[in-house]
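Asks: Dropping a structure here in structure tokens format, bear with me for questions.
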Amino acid sequence: MISTNKIYTTIVIAVFTVLLSFQSYSQNWDIPANKSSKNSYIPFNNETAKAGEAIYTKNCQSCHGNPGKANSLKTLKPVPPDLSEKQTQSRTDGDLFYIITTGRVVMPSFKIVLSEEERWKVIAFIRSYNKSYVQVLSKTDPSKSKLVKIVLDFNAKNNKIRVYAKANEASGVVLLKDAEIMLFANRYFGKLQIDKTLTTNSEGYADFNFPKDLPGDKTGNIDIVVNVNDELYGEIEHQEKLNIGIPTDKPALNEQRAIWNTLLKAPIWIIVTYTSLILLVTLVLLYILNTLRKLKKIGDK
Amino acid sequence: MLDQSKKDKITSDLLGSIRLNYSFMIWMAFLVTSFSICIYAYITQLQNGLAVTGLGDYVSWGIYIANFVFFVATSLIGMLISAVLGLSGAKWAAPLARIAEIIALAFAAVAGLVIVSDMGRPERLIYVFIHARIQSPILWDVTVVTMYVLISALLLYLPLIPDLKICHDKLVKIPNYLRNFYKILSLNWNGSLEQEKIILQSTRILAILIVPVALAIHTVTSWLFASTTRVGWDSTIFGPYFVTGAFVSGCAAVIIAMFFYRNNYKLKDYITEKHFDKMGKLLVLVSLVYLYFNLNEFMVPGYKMKKGDAVHIHDLFAGSHALLFWSVQIFGLVIPILLLLFKKMRKPLPMLVIALFVLFGAWFKRYIIVVPTMEHPFLPIQNVPLNFRIYTPTLTESLITLAPIILVLIIITILSKLFPIIPVQETIDHLEESN
């Protein structure tokens, strides 16, 4: 007989386990109201949805599967939702943008990987599965971003980069205050974020601590990328080469002779061994053929 | 001195098989028909690519490559019998040398075709040579297999020269073009001491040369696997493991061939029970060595159970490949060894049955070596259909795998129809010496 006590304990544990798992995989994302009401300045139409599909296939499909096909990666916990379902479609565009930007545990953050424009295009693709959806466009004028000028100023004394963001309006220069700024260094496999994400101060700049030991190219140049995100002026990207890295001159891996290199750069020992063995066998075979020739000659007599 | 009548009897006995008879024609018709069916399967592969097979992104080496390894393995027997036994003076093996050499030549020559069948775009084969990298074991493999084919062909041909002359002289009833063919190939053989010396010396040189080359072909074949870091292949003993395994399947192939030649070519006086007895003992020897390597190959990683290995070994010992794995080890290796320890079992018929088990076991052993590893990559397999994870060969693929096997049988059949399967001159010489 199993005691009722044991059954009771089992039930309690089971209930708690279920509750706990629900809690950690809740569908509630706690999105701040100002983010939730954000709208896209990119119109969602066939063209942008198509561009979004390409981004989706590359970045999202491996987990979320194809919308409407219920083929998301079931081995993940929580299971990535099918984005064409009501759960997702009932969220605001701002919600989706926030979720994709910040991510949460298994759902990755695409803040650095995808530009704002790309994130909106993915949403355009997700929305294309919702027939009743009507878009509310943001008032942001994307063409305004062209007015913004980013200036970098490196201070060698304290190793800081000061980034100014100003807009050249017809009425004069406007400083971008409270704009979000990210600084990156281009590396071999993508962008390395430098320091934290900062916001510009009342004078329109932010100071980034730059590491003292970041390797640059032969002369110490590093490609710096600045991303500015402003309520009014939208998203601005700026690239610049700065001579602030450690000069590094490492020979490329394929420069020297190596097993993995091309034929012409094969290790000497392999070339020598291989060719001498072939030569040896060929010579023996030629010798044998020659003896056969002799054998025939003897018979001729 | 042997009297002439005895010599004539030996000659006519051993040349008796060189004629067209019904059983040969039926056998050939059977082979050619089956071969054409397989070729049809291959044509569908040429049209549609490897999609007609069960191969995919994960298991990209399937029964084609298993078959290739089996072919290279079986061809090694030529070296063991005609070189190792020949050079060490084991006279009993002399009548079997030509059988072994024919098997070796046929398997080695066709092995290259097996590789081509694994290519979805065979017309790009030439790129292997144009863009060759001599750092790659694949190129080494192509090189040594080619060498081995050449040396094996010479090693078959040289001792055959005196017999070709006999064929030309004695086989008066055959068509003229065939007699001319024998005449040309016999290189004006007149049996003079000088000529004998040349043949003897050259054969000796080739027999010595073929030992390292044969070891190389199967060691390099094993390196195609062992030079990767994949579970089940990342092994330091893969070279000797393959070579010893090769002798097992080669011995089995020779025993099967001996049985058929003895019965069909009426050679009971030449391939005697003594030969079966000796071959049985040889098979036990090589099988024991192979068993020892198997023990090392599975015991050592099985004891440590490193994370990646563990998945693989569990799958072999108790998982989806367990049935095949244990059948191969037990019926293809352990039981044959035990049975062949008994003299009663080293008779022609029991040996035929045992050798068939060993040979089939050897083929499936290659499957066990190639496929399970491919099903266990280091990176997790995600979001793919089931048939990507678990390899099942298709019917087309199986037919294409059968094709080279049939081709080998065709080559062996033709060679043993054209040439005396037991060396004639050598048999006479041996008898004379012992008298």
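Each chain in the structure tokens gets a letter, A, B, ..., in the order shown, and its residues are numbered from 1; ligands are numbered from 1 in order too.
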List the spatial neighbours of segment 110-125 of chain B as a list in words - criterion: any atom at most 6 Å away, only C-alpha atoms, same-chain residues fewer than 2 positions off excluded.

Replies: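 Neighbouring residues, sequence-local ones excluded: Gly49, Leu50, Tyr64, Phe68, Phe71, Phe107, Ala108, Tyr127 and Val128 of chain B.
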
Asks: Would you give me, as a Markdown table, each residue of chain B having an atom within 10 Å of an atom of chain A, along with its shortest atom pair and that distance in Å to one decimal, using only C-alpha atoms and sorting by chain and residue number?

Replies:
| residue | atom | partner | partner_atom | distance |
| --- | --- | --- | --- | --- |
| B:His131 | CA | A:Leu263 | CA | 8.0 |
| B:Ala132 | CA | A:Leu263 | CA | 6.9 |
| B:Arg133 | CA | A:Leu263 | CA | 4.7 |
| B:Ile134 | CA | A:Leu263 | CA | 6.4 |
| B:Gln135 | CA | A:Ile259 | CA | 5.7 |
| B:Ser136 | CA | A:Ile259 | CA | 8.2 |
| B:Trp140 | CA | A:Tyr274 | CA | 8.2 |
| B:Thr143 | CA | A:Ile278 | CA | 8.3 |
| B:Val144 | CA | A:Ile278 | CA | 8.8 |
| B:Met147 | CA | A:Val281 | CA | 7.7 |
| B:Leu150 | CA | A:Leu285 | CA | 8.5 |
| B:Ile151 | CA | A:Leu285 | CA | 7.7 |
| B:Leu154 | CA | A:Ile288 | CA | 8.7 |
| B:Leu158 | CA | A:Leu292 | CA | 8.7 |
| B:Ile184 | CA | A:Lys296 | CA | 10.0 |
| B:Ser186 | CA | A:Lys296 | CA | 8.5 |
| B:Leu187 | CA | A:Lys296 | CA | 4.9 |
| B:Asn188 | CA | A:Gly299 | CA | 4.6 |
| B:Trp189 | CA | A:Gly299 | CA | 5.7 |
| B:Asn190 | CA | A:Gly299 | CA | 6.0 |
| B:Gly191 | CA | A:Gly299 | CA | 8.8 |
| B:Ser192 | CA | A:Gly299 | CA | 8.5 |
| B:Glu194 | CA | A:Ile298 | CA | 8.0 |
| B:Gln195 | CA | A:Leu295 | CA | 5.8 |
| B:Glu196 | CA | A:Leu295 | CA | 9.0 |
| B:Lys197 | CA | A:Leu295 | CA | 9.6 |
| B:Ile198 | CA | A:Thr291 | CA | 6.8 |
| B:Ile199 | CA | A:Leu292 | CA | 8.2 |
| B:Gln201 | CA | A:Ile288 | CA | 9.4 |
| B:Ser202 | CA | A:Ile288 | CA | 6.1 |
| B:Thr203 | CA | A:Ile288 | CA | 8.8 |
| B:Ile205 | CA | A:Val284 | CA | 8.2 |
| B:Leu206 | CA | A:Val284 | CA | 8.2 |
| B:Leu209 | CA | A:Val281 | CA | 7.8 |
| B:Ile210 | CA | A:Val281 | CA | 9.7 |
| B:Val213 | CA | A:Val281 | CA | 9.0 |
| B:Gln382 | CA | A:Leu73 | CA | 7.7 |
| B:Asn383 | CA | A:Leu73 | CA | 6.3 |
| B:Val384 | CA | A:Leu73 | CA | 9.8 |

Asks: Could you tell me, as a ChimeraX atom specification, which residues of segment 124-215 of chain A DSSP assigns to strand (DSSP E) when given the backbone?

Replies: /A:148-155,160-169,172-175,180-187,190-199,205-209

Asks: Please identify all polymer residues within 7 Å of Glu235 of chain A, counting only C-alpha atoms, omitting same-chain residues fewer than 4 positions from it, and present them as a JSON list (two decimals) with N, CA and C atoms, in the first residue's frame.

Replies:
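Result file is part39.json:
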[["chain", "number", "residue", "atom", "x", "y", "z"],
["A", 116, "GLU", "N", 17.78, 49.14, -36.60],
["A", 116, "GLU", "CA", 16.37, 49.44, -36.30],
["A", 116, "GLU", "C", 15.51, 49.18, -37.54],
["A", 145, "SER", "N", 17.14, 62.01, -40.45],
["A", 145, "SER", "CA", 18.39, 61.46, -39.94],
["A", 145, "SER", "C", 19.58, 61.92, -40.78],
["A", 228, "VAL", "N", 23.55, 56.00, -33.39],
["A", 228, "VAL", "CA", 22.80, 56.97, -32.58],
["A", 228, "VAL", "C", 21.32, 56.72, -32.82],
["A", 229, "ASN", "N", 20.53, 56.78, -31.75],
["A", 229, "ASN", "CA", 19.10, 56.59, -31.89],
["A", 229, "ASN", "C", 18.39, 57.72, -31.16],
["A", 230, "ASP", "N", 17.73, 58.55, -31.94],
["A", 230, "ASP", "CA", 17.11, 59.74, -31.35],
["A", 230, "ASP", "C", 15.61, 59.72, -31.63]]

Asks: What is the atom CA of Lys166 of chain A to atom CA of Gln239 of chain A distance in Å?

Replies: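 Atom CA of Gln239 of chain A lies 15.6 Å from atom CA of Lys166 of chain A.
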
Asks: Residues of segment 104-264 of chain A in alpha helix (DSSP H) according to DSSP, as a PyMOL selection string?

Replies: chain A and resi 116-127

Asks: Please produce a file of the residues just selected, as a CSV table (one decimal), in the first residue's frame, where the atoms kept are all heavy atoms.

Replies:
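So the final result, stored in out-v2.csv, reads:
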chain,number,residue,atom,x,y,z
A,116,GLU,N,17.8,49.1,-36.6
A,116,GLU,CA,16.4,49.4,-36.3
A,116,GLU,C,15.5,49.2,-37.5
A,116,GLU,O,14.5,48.6,-37.5
A,116,GLU,CB,16.3,50.9,-35.8
A,116,GLU,CG,14.9,51.2,-35.4
A,116,GLU,CD,14.8,52.6,-34.7
A,116,GLU,OE1,15.8,53.1,-34.2
A,116,GLU,OE2,13.7,53.1,-34.5
A,117,GLU,N,16.0,49.6,-38.7
A,117,GLU,CA,15.3,49.5,-39.9
A,117,GLU,C,15.0,48.0,-40.2
A,117,GLU,O,13.9,47.6,-40.5
A,117,GLU,CB,16.1,50.1,-41.0
A,117,GLU,CG,15.4,50.2,-42.3
A,117,GLU,CD,16.3,50.7,-43.4
A,117,GLU,OE1,17.1,51.6,-43.1
A,117,GLU,OE2,16.2,50.2,-44.6
A,118,GLU,N,16.0,47.2,-40.0
A,118,GLU,CA,15.9,45.7,-40.2
A,118,GLU,C,14.9,45.1,-39.2
A,118,GLU,O,14.1,44.2,-39.6
A,118,GLU,CB,17.2,45.0,-40.1
A,118,GLU,CG,18.2,45.3,-41.2
A,118,GLU,CD,19.6,44.8,-41.0
A,118,GLU,OE1,20.1,44.9,-39.8
A,118,GLU,OE2,20.2,44.2,-41.9
A,119,ARG,N,14.9,45.6,-38.0
A,119,ARG,CA,14.0,45.0,-37.0
A,119,ARG,C,12.5,45.4,-37.4
A,119,ARG,O,11.6,44.5,-37.3
A,119,ARG,CB,14.3,45.6,-35.6
A,119,ARG,CG,15.3,44.8,-34.9
A,119,ARG,CD,15.8,45.5,-33.6
A,119,ARG,NE,16.9,46.3,-33.8
A,119,ARG,CZ,17.3,47.3,-33.0
A,119,ARG,NH1,16.6,47.6,-32.0
A,119,ARG,NH2,18.4,48.0,-33.3
A,120,TRP,N,12.3,46.6,-37.9
A,120,TRP,CA,11.0,46.9,-38.4
A,120,TRP,C,10.5,46.1,-39.6
A,120,TRP,O,9.4,45.7,-39.7
A,120,TRP,CB,10.9,48.4,-38.7
A,120,TRP,CG,10.8,49.4,-37.5
A,120,TRP,CD1,11.7,50.4,-37.2
A,120,TRP,CD2,9.9,49.3,-36.4
A,120,TRP,NE1,11.3,51.0,-36.1
A,120,TRP,CE2,10.2,50.4,-35.5
A,120,TRP,CE3,8.8,48.5,-36.1
A,120,TRP,CZ2,9.5,50.6,-34.4
A,120,TRP,CZ3,8.0,48.8,-35.0
A,120,TRP,CH2,8.4,49.8,-34.1
A,121,LYS,N,11.5,45.8,-40.4
A,121,LYS,CA,11.2,45.0,-41.6
A,121,LYS,C,10.8,43.6,-41.2
A,121,LYS,O,9.8,43.0,-41.8
A,121,LYS,CB,12.3,45.0,-42.6
A,121,LYS,CG,12.4,46.3,-43.4
A,121,LYS,CD,13.6,46.3,-44.3
A,121,LYS,CE,13.5,47.6,-45.2
A,121,LYS,NZ,14.8,47.8,-45.9
A,122,VAL,N,11.4,43.0,-40.2
A,122,VAL,CA,11.0,41.7,-39.7
A,122,VAL,C,9.6,41.8,-39.2
A,122,VAL,O,8.8,40.9,-39.5
A,122,VAL,CB,12.0,41.2,-38.6
A,122,VAL,CG1,11.4,39.9,-38.1
A,122,VAL,CG2,13.3,41.0,-39.2
A,123,ILE,N,9.3,42.9,-38.5
A,123,ILE,CA,7.9,43.0,-38.0
A,123,ILE,C,6.9,43.1,-39.2
A,123,ILE,O,5.9,42.6,-39.1
A,123,ILE,CB,7.8,44.2,-37.0
A,123,ILE,CG1,8.8,43.9,-35.8
A,123,ILE,CG2,6.4,44.4,-36.5
A,123,ILE,CD1,8.9,45.0,-34.8
A,124,ALA,N,7.4,43.8,-40.2
A,124,ALA,CA,6.5,43.9,-41.4
A,124,ALA,C,6.2,42.5,-41.9
A,124,ALA,O,5.1,42.2,-42.3
A,124,ALA,CB,7.2,44.8,-42.5
A,125,PHE,N,7.2,41.7,-41.9
A,125,PHE,CA,7.0,40.3,-42.4
A,125,PHE,C,6.1,39.5,-41.4
A,125,PHE,O,5.1,38.9,-41.9
A,125,PHE,CB,8.4,39.6,-42.4
A,125,PHE,CG,8.2,38.1,-42.7
A,125,PHE,CD1,7.7,37.6,-43.9
A,125,PHE,CD2,8.6,37.2,-41.8
A,125,PHE,CE1,7.6,36.3,-44.2
A,125,PHE,CE2,8.5,35.8,-42.0
A,125,PHE,CZ,8.0,35.4,-43.2
A,126,ILE,N,6.3,39.7,-40.1
A,126,ILE,CA,5.4,39.0,-39.1
A,126,ILE,C,4.0,39.5,-39.3
A,126,ILE,O,3.0,38.7,-39.3
A,126,ILE,CB,5.9,39.3,-37.7
A,126,ILE,CG1,7.3,38.7,-37.5
A,126,ILE,CG2,4.9,38.7,-36.7
A,126,ILE,CD1,7.9,39.1,-36.2
A,127,ARG,N,3.8,40.8,-39.5
A,127,ARG,CA,2.4,41.3,-39.7
A,127,ARG,C,1.7,40.8,-40.9
A,127,ARG,O,0.5,40.8,-41.0
A,127,ARG,CB,2.5,42.8,-39.7
A,127,ARG,CG,2.8,43.5,-38.3
A,127,ARG,CD,1.8,43.1,-37.2
A,127,ARG,NE,1.9,43.9,-36.0
A,127,ARG,CZ,1.5,43.5,-34.9
A,127,ARG,NH1,0.8,42.4,-34.7
A,127,ARG,NH2,1.6,44.3,-33.8

Asks: May I have the residues within 8 Å of Leu80 of chain B as a PyMOL selection string, using only C-alpha atoms and disregarding those fewer than 5 positions away in the same chain?

Replies: chain B and resi 85+211+247

Asks: With a distance cut-off of 7 Å and only C-alpha atoms, select the neighbouring residues of segment 323-336 of chain B, excluding the residue or stretch itself and same-chain residues fewer than 5 positions from it, and output the selection as a list in words.

Replies: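 So, after excluding close chain neighbours, the residues are Ser287, Leu316, Ile354, Phe357, Val358, Gly361, Ala362, Phe364, Lys365 and Ile368 of chain B.
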
Asks: So which residues touch Ile406 of chain B within 10 Å, counting only C-alpha atoms, skipping near sequence neighbours fewer than 3 positions away, as a VMD selection string?

Replies: chain B and resid 30 to 32 34 to 35 38 401 to 403 409 to 412
